[in-house]
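The file query.pdb contains PDB, C-alpha atoms:
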ATOM      1  CA  MET A   1     144.498  81.720  91.813
ATOM      2  CA  SER A   2     147.442  81.230  94.161
ATOM      3  CA  GLU A   3     148.954  77.771  94.656
ATOM      4  CA  GLN A   4     147.754  77.642  98.253
ATOM      5  CA  THR A   5     144.220  78.678  97.277
ATOM      6  CA  SER A   6     144.175  76.142  94.453
ATOM      7  CA  GLU A   7     145.222  73.287  96.752
ATOM      8  CA  ASN A   8     142.647  74.151  99.403
ATOM      9  CA  CYS A   9     139.788  75.089  97.046
ATOM     10  CA  ASN A  10     136.516  73.263  97.715
ATOM     11  CA  HIS A  11     134.747  75.126  94.846
ATOM     12  CA  ASN A  12     132.254  76.613  97.292
ATOM     13  CA  CYS A  13     132.587  80.278  96.304
ATOM     14  CA  SER A  14     129.955  81.445  98.778
ATOM     15  CA  SER A  15     132.336  80.752 101.664
ATOM     16  CA  CYS A  16     135.477  82.090  99.962
ATOM     17  CA  GLY A  17     136.838  85.626  99.691
ATOM     18  CA  SER A  18     139.545  84.961  97.090
ATOM     19  CA  ASP A  19     139.356  86.665  93.694
ATOM     20  CA  CYS A  20     140.275  83.942  91.221
ATOM     21  CA  SER A  21     139.237  82.631  87.811
ATOM     22  CA  GLU A  22     137.101  79.924  89.400
ATOM     23  CA  ARG A  23     135.226  82.532  91.401
ATOM     24  CA  LYS A  24     134.665  84.782  88.389
ATOM     25  CA  GLU A  25     133.223  81.960  86.311
ATOM     26  CA  SER A  26     130.862  80.970  89.104
ATOM     27  CA  PHE A  27     129.065  84.323  88.894
ATOM     28  CA  LEU A  28     128.402  84.266  85.147
ATOM     29  CA  GLU A  29     124.723  84.190  84.248
ATOM     30  CA  ALA A  30     123.362  82.260  81.283
ATOM     31  CA  THR A  31     121.464  84.108  78.563
ATOM     32  CA  ASN A  32     117.945  83.247  77.535
ATOM     33  CA  GLU A  33     117.891  79.923  75.680
ATOM     34  CA  PHE A  34     116.924  81.768  72.492
ATOM     35  CA  SER A  35     119.835  84.225  72.725
ATOM     36  CA  ASN A  36     123.240  83.942  71.101
ATOM     37  CA  VAL A  37     125.470  86.909  71.957
ATOM     38  CA  LYS A  38     129.006  86.633  70.582
ATOM     39  CA  LYS A  39     130.777  89.742  71.921
ATOM     40  CA  VAL A  40     129.920  91.902  74.939
ATOM     41  CA  ILE A  41     131.514  95.364  75.124
ATOM     42  CA  GLY A  42     131.066  97.516  78.221
ATOM     43  CA  VAL A  43     131.096 101.295  77.839
ATOM     44  CA  ILE A  44     131.958 102.980  81.131
ATOM     45  CA  SER A  45     133.005 106.290  82.624
ATOM     46  CA  GLY A  46     134.350 107.265  85.993
ATOM     47  CA  LYS A  47     132.008 110.261  86.242
ATOM     48  CA  GLY A  48     128.715 111.366  84.738
ATOM     49  CA  GLY A  49     128.142 113.863  81.958
ATOM     50  CA  VAL A  50     130.999 112.845  79.668
ATOM     51  CA  GLY A  51     128.872 111.434  76.821
ATOM     52  CA  LYS A  52     129.042 107.720  77.579
ATOM     53  CA  SER A  53     125.581 106.996  76.158
ATOM     54  CA  MET A  54     126.396 108.923  73.002
ATOM     55  CA  VAL A  55     129.582 106.911  72.469
ATOM     56  CA  THR A  56     127.631 103.688  73.091
ATOM     57  CA  SER A  57     125.042 104.714  70.497
ATOM     58  CA  LEU A  58     127.629 105.758  67.913
ATOM     59  CA  LEU A  59     129.581 102.511  68.234
ATOM     60  CA  ALA A  60     126.433 100.414  67.885
ATOM     61  CA  VAL A  61     125.493 102.325  64.736
ATOM     62  CA  LEU A  62     128.990 102.022  63.258
ATOM     63  CA  MET A  63     129.117  98.257  63.808
ATOM     64  CA  LYS A  64     125.639  97.920  62.315
ATOM     65  CA  ARG A  65     126.785  99.860  59.255
ATOM     66  CA  GLN A  66     129.619  97.356  58.890
ATOM     67  CA  GLY A  67     127.051  94.576  58.607
ATOM     68  CA  TYR A  68     127.103  93.201  62.154
ATOM     69  CA  GLN A  69     124.018  92.442  64.231
ATOM     70  CA  THR A  70     124.260  94.829  67.158
ATOM     71  CA  ALA A  71     122.387  95.400  70.406
ATOM     72  CA  ILE A  72     122.464  97.769  73.364
ATOM     73  CA  LEU A  73     121.754  96.734  76.935
ATOM     74  CA  ASP A  74     121.004  99.966  78.788
ATOM     75  CA  ALA A  75     122.374  99.246  82.258
ATOM     76  CA  ASP A  76     122.038 102.858  83.391
ATOM     77  CA  ILE A  77     118.790 102.066  85.196
ATOM     78  CA  THR A  78     118.312 105.388  86.995
ATOM     79  CA  GLY A  79     119.416 107.529  84.041
ATOM     80  CA  PRO A  80     118.394 105.661  80.870
ATOM     81  CA  SER A  81     118.858 107.599  77.629
ATOM     82  CA  ILE A  82     119.365 104.990  74.902
ATOM     83  CA  PRO A  83     115.706 104.774  73.726
ATOM     84  CA  LYS A  84     115.510 108.564  73.363
ATOM     85  CA  ALA A  85     118.747 108.658  71.352
ATOM     86  CA  PHE A  86     117.208 106.278  68.797
ATOM     87  CA  GLY A  87     113.673 107.642  68.917
ATOM     88  CA  VAL A  88     112.269 104.380  70.284
ATOM     89  CA  LYS A  89     109.090 104.958  72.294
ATOM     90  CA  GLU A  90     107.063 101.760  71.959
ATOM     91  CA  LYS A  91     106.985  99.706  75.161
ATOM     92  CA  ALA A  92     108.732  96.333  75.246
ATOM     93  CA  LYS A  93     106.589  93.226  75.007
ATOM     94  CA  GLY A  94     107.109  89.619  75.991
ATOM     95  CA  ASN A  95     105.842  86.097  75.707
ATOM     96  CA  GLU A  96     106.161  82.853  77.619
ATOM     97  CA  ALA A  97     109.799  82.547  76.512
ATOM     98  CA  GLY A  98     110.969  85.948  77.756
ATOM     99  CA  ILE A  99     111.082  89.703  77.086
ATOM    100  CA  LEU A 100     111.329  90.907  73.495
ATOM    101  CA  PRO A 101     113.809  93.743  72.857
ATOM    102  CA  ASN A 102     112.729  96.750  70.832
ATOM    103  CA  GLU A 103     114.449  97.557  67.555
ATOM    104  CA  THR A 104     115.593 100.804  65.979
ATOM    105  CA  VAL A 105     115.006 101.807  62.369
ATOM    106  CA  MET A 106     118.310 100.147  61.400
ATOM    107  CA  GLY A 107     117.461  97.011  63.356
ATOM    108  CA  ILE A 108     119.640  97.565  66.426
ATOM    109  CA  LYS A 109     118.101  95.655  69.331
ATOM    110  CA  MET A 110     117.796  97.390  72.687
ATOM    111  CA  MET A 111     116.462  96.932  76.181
ATOM    112  CA  SER A 112     116.101  99.735  78.703
ATOM    113  CA  VAL A 113     114.047 100.325  81.811
ATOM    114  CA  ASN A 114     112.376 103.223  79.980
ATOM    115  CA  LEU A 115     110.804 100.665  77.641
ATOM    116  CA  LEU A 116     109.086  99.088  80.649
ATOM    117  CA  LEU A 117     107.910 102.173  82.576
ATOM    118  CA  PRO A 118     104.418 103.593  81.997
ATOM    119  CA  ASP A 119     105.959 107.016  81.410
ATOM    120  CA  GLU A 120     109.573 107.614  80.373
ATOM    121  CA  THR A 121     109.824 110.477  82.882
ATOM    122  CA  ASP A 122     108.866 108.234  85.822
ATOM    123  CA  PRO A 123     111.794 108.106  88.284
ATOM    124  CA  VAL A 124     113.368 104.780  89.199
ATOM    125  CA  ILE A 125     113.596 104.981  92.985
ATOM    126  CA  TRP A 126     115.189 101.607  93.688
ATOM    127  CA  ARG A 127     117.965 100.443  95.957
ATOM    128  CA  GLY A 128     121.203  98.997  94.604
ATOM    129  CA  PRO A 129     120.350  95.266  94.784
ATOM    130  CA  VAL A 130     117.100  95.795  92.853
ATOM    131  CA  ILE A 131     118.888  97.819  90.181
ATOM    132  CA  ALA A 132     121.613  95.179  89.852
ATOM    133  CA  GLY A 133     118.958  92.463  89.623
ATOM    134  CA  THR A 134     117.223  94.329  86.797
ATOM    135  CA  VAL A 135     120.466  94.487  84.827
ATOM    136  CA  LYS A 136     120.864  90.724  85.255
ATOM    137  CA  GLN A 137     117.327  90.185  83.989
ATOM    138  CA  PHE A 138     118.072  92.243  80.881
ATOM    139  CA  TRP A 139     120.767  89.645  80.156
ATOM    140  CA  THR A 140     118.977  86.454  81.250
ATOM    141  CA  ASP A 141     115.319  87.136  80.420
ATOM    142  CA  VAL A 142     115.497  89.113  77.177
ATOM    143  CA  ILE A 143     115.345  87.141  73.919
ATOM    144  CA  TRP A 144     118.246  88.769  72.110
ATOM    145  CA  GLU A 145     118.441  86.079  69.379
ATOM    146  CA  ASP A 146     121.651  86.352  67.302
ATOM    147  CA  VAL A 147     123.859  89.314  68.219
ATOM    148  CA  ASP A 148     127.423  89.868  67.029
ATOM    149  CA  TYR A 149     128.170  92.853  69.272
ATOM    150  CA  MET A 150     126.270  93.847  72.397
ATOM    151  CA  PHE A 151     127.176  97.204  73.929
ATOM    152  CA  VAL A 152     126.388  97.660  77.616
ATOM    153  CA  ASP A 153     125.817 101.299  78.552
ATOM    154  CA  MET A 154     126.776 101.415  82.234
ATOM    155  CA  PRO A 155     126.104 104.095  84.837
ATOM    156  CA  PRO A 156     129.099 106.214  85.862
ATOM    157  CA  GLY A 157     131.406 105.108  88.641
ATOM    158  CA  THR A 158     132.516 101.768  90.010
ATOM    159  CA  GLY A 159     129.469 100.743  92.054
ATOM    160  CA  ASP A 160     126.879  97.973  92.050
ATOM    161  CA  VAL A 161     125.950  97.914  88.368
ATOM    162  CA  PRO A 162     129.467  97.849  86.834
ATOM    163  CA  LEU A 163     130.400  95.157  89.352
ATOM    164  CA  THR A 164     127.282  93.151  88.436
ATOM    165  CA  VAL A 165     128.012  93.462  84.725
ATOM    166  CA  PHE A 166     131.657  92.456  85.129
ATOM    167  CA  GLN A 167     130.752  89.424  87.244
ATOM    168  CA  SER A 168     127.537  88.273  85.577
ATOM    169  CA  LEU A 169     128.130  88.907  81.872
ATOM    170  CA  PRO A 170     130.966  87.463  79.752
ATOM    171  CA  VAL A 171     132.449  90.899  79.035
ATOM    172  CA  ASP A 172     135.066  90.767  76.266
ATOM    173  CA  GLY A 173     136.399  94.228  77.003
ATOM    174  CA  ILE A 174     135.526  97.786  77.947
ATOM    175  CA  ILE A 175     135.792 101.208  76.366
ATOM    176  CA  ILE A 176     136.284 104.105  78.780
ATOM    177  CA  VAL A 177     134.787 107.509  77.982
ATOM    178  CA  THR A 178     136.398 110.614  79.420
ATOM    179  CA  SER A 179     136.709 114.385  78.918
ATOM    180  CA  PRO A 180     139.686 116.796  78.744
ATOM    181  CA  GLN A 181     139.687 118.120  82.323
ATOM    182  CA  GLU A 182     142.774 117.231  84.367
ATOM    183  CA  LEU A 183     140.652 115.834  87.194
ATOM    184  CA  VAL A 184     139.467 113.121  84.816
ATOM    185  CA  SER A 185     142.886 111.430  84.880
ATOM    186  CA  MET A 186     142.232 110.350  88.448
ATOM    187  CA  ILE A 187     138.668 109.275  87.607
ATOM    188  CA  VAL A 188     139.858 107.222  84.634
ATOM    189  CA  GLY A 189     142.402 105.569  86.918
ATOM    190  CA  LYS A 190     139.615 104.255  89.138
ATOM    191  CA  ALA A 191     137.785 102.718  86.164
ATOM    192  CA  VAL A 192     141.015 101.214  84.802
ATOM    193  CA  LYS A 193     141.968  99.659  88.131
ATOM    194  CA  MET A 194     138.503  98.192  88.625
ATOM    195  CA  ALA A 195     138.623  96.577  85.187
ATOM    196  CA  LYS A 196     142.077  95.142  85.841
ATOM    197  CA  ARG A 197     140.988  93.707  89.189
ATOM    198  CA  MET A 198     138.118  91.987  87.401
ATOM    199  CA  ASN A 199     140.454  90.798  84.611
ATOM    200  CA  ILE A 200     138.488  92.704  81.963
ATOM    201  CA  PRO A 201     140.557  93.919  78.964
ATOM    202  CA  ILE A 202     140.572  97.677  78.319
ATOM    203  CA  LEU A 203     139.998  98.046  74.591
ATOM    204  CA  GLY A 204     140.039 101.786  74.136
ATOM    205  CA  LEU A 205     139.756 105.289  75.533
ATOM    206  CA  VAL A 206     137.451 107.926  74.032
ATOM    207  CA  GLU A 207     137.829 111.602  74.922
ATOM    208  CA  ASN A 208     134.544 113.400  74.348
ATOM    209  CA  MET A 209     134.240 117.205  74.106
ATOM    210  CA  SER A 210     137.910 117.199  73.165
ATOM    211  CA  TYR A 211     137.691 120.315  70.993
ATOM    212  CA  ALA A 212     135.350 122.525  68.987
ATOM    213  CA  VAL A 213     135.872 123.616  65.401
ATOM    214  CA  CYS A 214     135.545 127.331  64.685
ATOM    215  CA  PRO A 215     132.889 127.720  61.950
ATOM    216  CA  ASP A 216     134.739 130.698  60.444
ATOM    217  CA  CYS A 217     138.408 129.679  60.333
ATOM    218  CA  GLY A 218     138.266 125.914  60.972
ATOM    219  CA  LYS A 219     140.663 126.159  63.906
ATOM    220  CA  GLU A 220     140.302 123.621  66.738
ATOM    221  CA  LEU A 221     139.390 125.351  69.990
ATOM    222  CA  LYS A 222     140.179 123.665  73.315
ATOM    223  CA  ILE A 223     137.049 124.725  75.197
ATOM    224  CA  PHE A 224     137.717 122.562  78.266
ATOM    225  CA  GLY A 225     141.506 122.847  78.212
ATOM    226  CA  GLU A 226     144.255 120.858  76.560
ATOM    227  CA  SER A 227     143.669 117.194  75.859
ATOM    228  CA  HIS A 228     145.187 114.656  78.255
ATOM    229  CA  LEU A 229     144.181 111.664  76.152
ATOM    230  CA  ASP A 230     147.624 110.605  74.992
ATOM    231  CA  GLU A 231     149.289 110.834  78.398
ATOM    232  CA  ILE A 232     146.441 108.970  80.109
ATOM    233  CA  ALA A 233     146.526 106.261  77.422
ATOM    234  CA  LYS A 234     150.286 105.930  77.837
ATOM    235  CA  GLU A 235     150.054 105.815  81.635
ATOM    236  CA  TYR A 236     147.560 102.956  81.577
ATOM    237  CA  GLU A 237     148.890 101.273  78.432
ATOM    238  CA  ILE A 238     145.683 101.729  76.445
ATOM    239  CA  GLU A 239     146.434 101.239  72.767
ATOM    240  CA  HIS A 240     143.327 102.526  70.980
ATOM    241  CA  THR A 241     142.114 106.106  71.459
ATOM    242  CA  ALA A 242     139.670 108.486  69.812
ATOM    243  CA  LYS A 243     138.609 112.116  70.183
ATOM    244  CA  LEU A 244     135.076 113.432  69.761
ATOM    245  CA  PRO A 245     134.456 117.141  69.175
ATOM    246  CA  ILE A 246     131.831 119.380  70.732
ATOM    247  CA  ASP A 247     129.312 119.238  67.895
ATOM    248  CA  SER A 248     125.815 120.682  68.164
ATOM    249  CA  LYS A 249     124.646 118.308  65.422
ATOM    250  CA  LEU A 250     125.574 115.288  67.518
ATOM    251  CA  SER A 251     123.776 116.673  70.556
ATOM    252  CA  ALA A 252     120.724 117.460  68.442
ATOM    253  CA  ALA A 253     120.733 113.950  66.975
ATOM    254  CA  MET A 254     120.707 112.451  70.479
ATOM    255  CA  ASP A 255     117.886 114.756  71.586
ATOM    256  CA  LYS A 256     115.760 114.207  68.479
ATOM    257  CA  GLY A 257     116.185 110.421  68.397
ATOM    258  CA  SER A 258     118.082 110.427  65.104
ATOM    259  CA  ILE A 259     121.541 109.276  66.161
ATOM    260  CA  GLU A 260     121.461 106.662  63.387
ATOM    261  CA  LEU A 261     121.703 109.472  60.827
ATOM    262  CA  PHE A 262     124.965 110.949  62.167
ATOM    263  CA  GLU A 263     127.921 111.497  59.866
ATOM    264  CA  GLY A 264     131.485 111.523  61.174
ATOM    265  CA  THR A 265     134.651 109.445  61.153
ATOM    266  CA  TRP A 266     135.822 110.076  64.729
ATOM    267  CA  LEU A 267     135.171 106.528  65.962
ATOM    268  CA  ASP A 268     135.947 104.609  62.762
ATOM    269  CA  GLY A 269     139.269 103.392  64.147
ATOM    270  CA  MET A 270     137.551 102.157  67.303
ATOM    271  CA  ALA A 271     134.980 100.282  65.210
ATOM    272  CA  ASP A 272     137.710  98.691  63.104
ATOM    273  CA  MET A 273     139.439  97.538  66.295
ATOM    274  CA  LEU A 274     136.205  95.945  67.537
ATOM    275  CA  ALA A 275     135.692  94.184  64.212
ATOM    276  CA  LYS A 276     139.054  92.446  64.685
ATOM    277  CA  LEU A 277     138.242  91.029  68.120
TER     278      LEU A 277
END
When written as structure tokens, how does the structure in this file appear?
Amino acid sequence: MSEQTSENCNHNCSSCGSDCSERKESFLEATNEFSNVKKVIGVISGKGGVGKSMVTSLLAVLMKRQGYQTAILDADITGPSIPKAFGVKEKAKGNEAGILPNETVMGIKMMSVNLLLPDETDPVIWRGPVIAGTVKQFWTDVIWEDVDYMFVDMPPGTGDVPLTVFQSLPVDGIIIVTSPQELVSMIVGKAVKMAKRMNIPILGLVENMSYAVCPDCGKELKIFGESHLDEIAKEYEIEHTAKLPIDSKLSAAMDKGSIELFEGTWLDGMADMLAKL
């Protein structure tokens, strides 16, 4: 907050256009009284189709394997995929205290609009304010109980939902998911600049579909071109990076609801970084 703004501040944020720490705090929503969420990690991407939900799922599983209580808030209201990735089909229930999240086989808590719809293929034809309000309710009305790490799977881009999450939830940092194409550098820049404007730390950068391994010779094949991960990380001063291969087993695990059974060390460094937060 500038000195002039600080001196003239009447703490009425509804009549003020300044972006300051006071204003940010005023938008934070309280969790359900029976919830205790310690760390909130946003997983975002500048464009769709880069594997953001898969990275969210893998990180939640890795942290659970390390002994932490983990949860996923599926904020991608119009394109929810988290329940399918974990094979969760039972509809969410509730009581007088709030909505009860569903749990995976490993005990990862989750809430998604697909757990509330009569049929998971029903489209969500809602306008932006309604979608943003639903994301808020997943934070305020769901009884999360004790959670060490909550991962928020956000829709692509820098629109209503990411803005709502950044303003309404106490986000400790974000992980950006990208792909090797050169165009992505510009897209990542938009996500980075939005996070910096909202004073949200950028914890890491994950490049999905970075390469494929030849089953005959073991050589890494750059299907979508050379990786730009290192230069993008250097440009935006992002310390922690990871590369995910094109792996049919990973895709199959997401489709079959068995992502908790995956084996791979690609994101171990990212999980270790999160454990040190």
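Compared by their closest atoms to Ala195 in chain A, and using all atoms listed in the file, the residues A:Leu58, A:Val37, A:Ile44, A:Ala212 rank with A:Ile44 nearest.
Among the candidates A:Ile175, A:Met254, A:Ile200, A:Val161, the residue lying nearest to Gly133 in chain A is A:Val161 (atoms considered: all atoms listed in the file).
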In Å and to one decimal, CA of Met110 in chain A is distant from CA of Thr78 in chain A by 16.4 Å
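For the pair CA of Ala252 in chain A and CA of Met54 in chain A, the separation is 11.2 Å.
If you apply the PyMOL selection byres ((chain A and resi 129) around 12) to this structure, you end up with A:Ile77, A:Ile125, A:Trp126, A:Arg127, A:Gly128, A:Val130, A:Ile131, A:Ala132, A:Gly133, A:Thr134, A:Val135, A:Lys136, A:Gly159, A:Asp160, A:Val161, A:Leu163, A:Thr164.
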In Å and to one decimal, CA of Ala71 in chain A is distant from CA of Ile108 in chain A by 5.3 Å
Incomplete range 84-99 of chain A brought to N, CA, C and O atoms, written out as a PDB file, in the frame of the given file:
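File result_33.pdb, as written:
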ATOM      1  N   LYS A  84     115.703 107.206  73.878  1.00  0.00           N
ATOM      2  CA  LYS A  84     115.510 108.564  73.363  1.00  0.00           C
ATOM      3  C   LYS A  84     116.492 108.864  72.242  1.00  0.00           C
ATOM      4  O   LYS A  84     116.144 109.519  71.252  1.00  0.00           O
ATOM      5  N   ALA A  85     117.735 108.400  72.375  1.00  0.00           N
ATOM      6  CA  ALA A  85     118.747 108.658  71.352  1.00  0.00           C
ATOM      7  C   ALA A  85     118.356 108.063  70.003  1.00  0.00           C
ATOM      8  O   ALA A  85     118.718 108.591  68.953  1.00  0.00           O
ATOM      9  N   PHE A  86     117.608 106.958  70.034  1.00  0.00           N
ATOM     10  CA  PHE A  86     117.208 106.278  68.797  1.00  0.00           C
ATOM     11  C   PHE A  86     115.746 106.533  68.433  1.00  0.00           C
ATOM     12  O   PHE A  86     115.247 105.980  67.457  1.00  0.00           O
ATOM     13  N   GLY A  87     115.066 107.346  69.227  1.00  0.00           N
ATOM     14  CA  GLY A  87     113.673 107.642  68.917  1.00  0.00           C
ATOM     15  C   GLY A  87     112.740 106.476  69.127  1.00  0.00           C
ATOM     16  O   GLY A  87     111.674 106.399  68.491  1.00  0.00           O
ATOM     17  N   VAL A  88     113.101 105.557  70.020  1.00  0.00           N
ATOM     18  CA  VAL A  88     112.269 104.380  70.284  1.00  0.00           C
ATOM     19  C   VAL A  88     111.361 104.683  71.476  1.00  0.00           C
ATOM     20  O   VAL A  88     111.840 104.949  72.582  1.00  0.00           O
ATOM     21  N   LYS A  89     110.055 104.621  71.244  1.00  0.00           N
ATOM     22  CA  LYS A  89     109.090 104.958  72.294  1.00  0.00           C
ATOM     23  C   LYS A  89     108.148 103.804  72.633  1.00  0.00           C
ATOM     24  O   LYS A  89     107.542 103.792  73.705  1.00  0.00           O
ATOM     25  N   GLU A  90     107.986 102.871  71.727  1.00  0.00           N
ATOM     26  CA  GLU A  90     107.063 101.760  71.959  1.00  0.00           C
ATOM     27  C   GLU A  90     107.541 100.907  73.131  1.00  0.00           C
ATOM     28  O   GLU A  90     108.740 100.617  73.261  1.00  0.00           O
ATOM     29  N   LYS A  91     106.632 100.496  73.991  1.00  0.00           N
ATOM     30  CA  LYS A  91     106.985  99.706  75.161  1.00  0.00           C
ATOM     31  C   LYS A  91     107.365  98.277  74.753  1.00  0.00           C
ATOM     32  O   LYS A  91     106.846  97.737  73.775  1.00  0.00           O
ATOM     33  N   ALA A  92     108.288  97.705  75.511  1.00  0.00           N
ATOM     34  CA  ALA A  92     108.732  96.333  75.246  1.00  0.00           C
ATOM     35  C   ALA A  92     107.599  95.356  75.549  1.00  0.00           C
ATOM     36  O   ALA A  92     106.779  95.575  76.432  1.00  0.00           O
ATOM     37  N   LYS A  93     107.587  94.274  74.810  1.00  0.00           N
ATOM     38  CA  LYS A  93     106.589  93.226  75.007  1.00  0.00           C
ATOM     39  C   LYS A  93     107.295  91.934  75.363  1.00  0.00           C
ATOM     40  O   LYS A  93     108.524  91.860  75.378  1.00  0.00           O
ATOM     41  N   GLY A  94     106.524  90.910  75.642  1.00  0.00           N
ATOM     42  CA  GLY A  94     107.109  89.619  75.991  1.00  0.00           C
ATOM     43  C   GLY A  94     106.158  88.487  75.686  1.00  0.00           C
ATOM     44  O   GLY A  94     105.007  88.697  75.305  1.00  0.00           O
ATOM     45  N   ASN A  95     106.670  87.289  75.845  1.00  0.00           N
ATOM     46  CA  ASN A  95     105.842  86.097  75.707  1.00  0.00           C
ATOM     47  C   ASN A  95     106.298  85.082  76.740  1.00  0.00           C
ATOM     48  O   ASN A  95     107.091  85.407  77.631  1.00  0.00           O
ATOM     49  N   GLU A  96     105.817  83.856  76.609  1.00  0.00           N
ATOM     50  CA  GLU A  96     106.161  82.853  77.619  1.00  0.00           C
ATOM     51  C   GLU A  96     107.647  82.524  77.644  1.00  0.00           C
ATOM     52  O   GLU A  96     108.165  82.010  78.635  1.00  0.00           O
ATOM     53  N   ALA A  97     108.373  82.873  76.582  1.00  0.00           N
ATOM     54  CA  ALA A  97     109.799  82.547  76.512  1.00  0.00           C
ATOM     55  C   ALA A  97     110.674  83.637  77.105  1.00  0.00           C
ATOM     56  O   ALA A  97     111.822  83.382  77.480  1.00  0.00           O
ATOM     57  N   GLY A  98     110.150  84.872  77.211  1.00  0.00           N
ATOM     58  CA  GLY A  98     110.969  85.948  77.756  1.00  0.00           C
ATOM     59  C   GLY A  98     110.512  87.305  77.270  1.00  0.00           C
ATOM     60  O   GLY A  98     109.427  87.468  76.708  1.00  0.00           O
ATOM     61  N   ILE A  99     111.368  88.324  77.490  1.00  0.00           N
ATOM     62  CA  ILE A  99     111.082  89.703  77.086  1.00  0.00           C
ATOM     63  C   ILE A  99     111.647  89.934  75.687  1.00  0.00           C
ATOM     64  O   ILE A  99     112.759  89.499  75.374  1.00  0.00           O
TER      65      ILE A  99
END
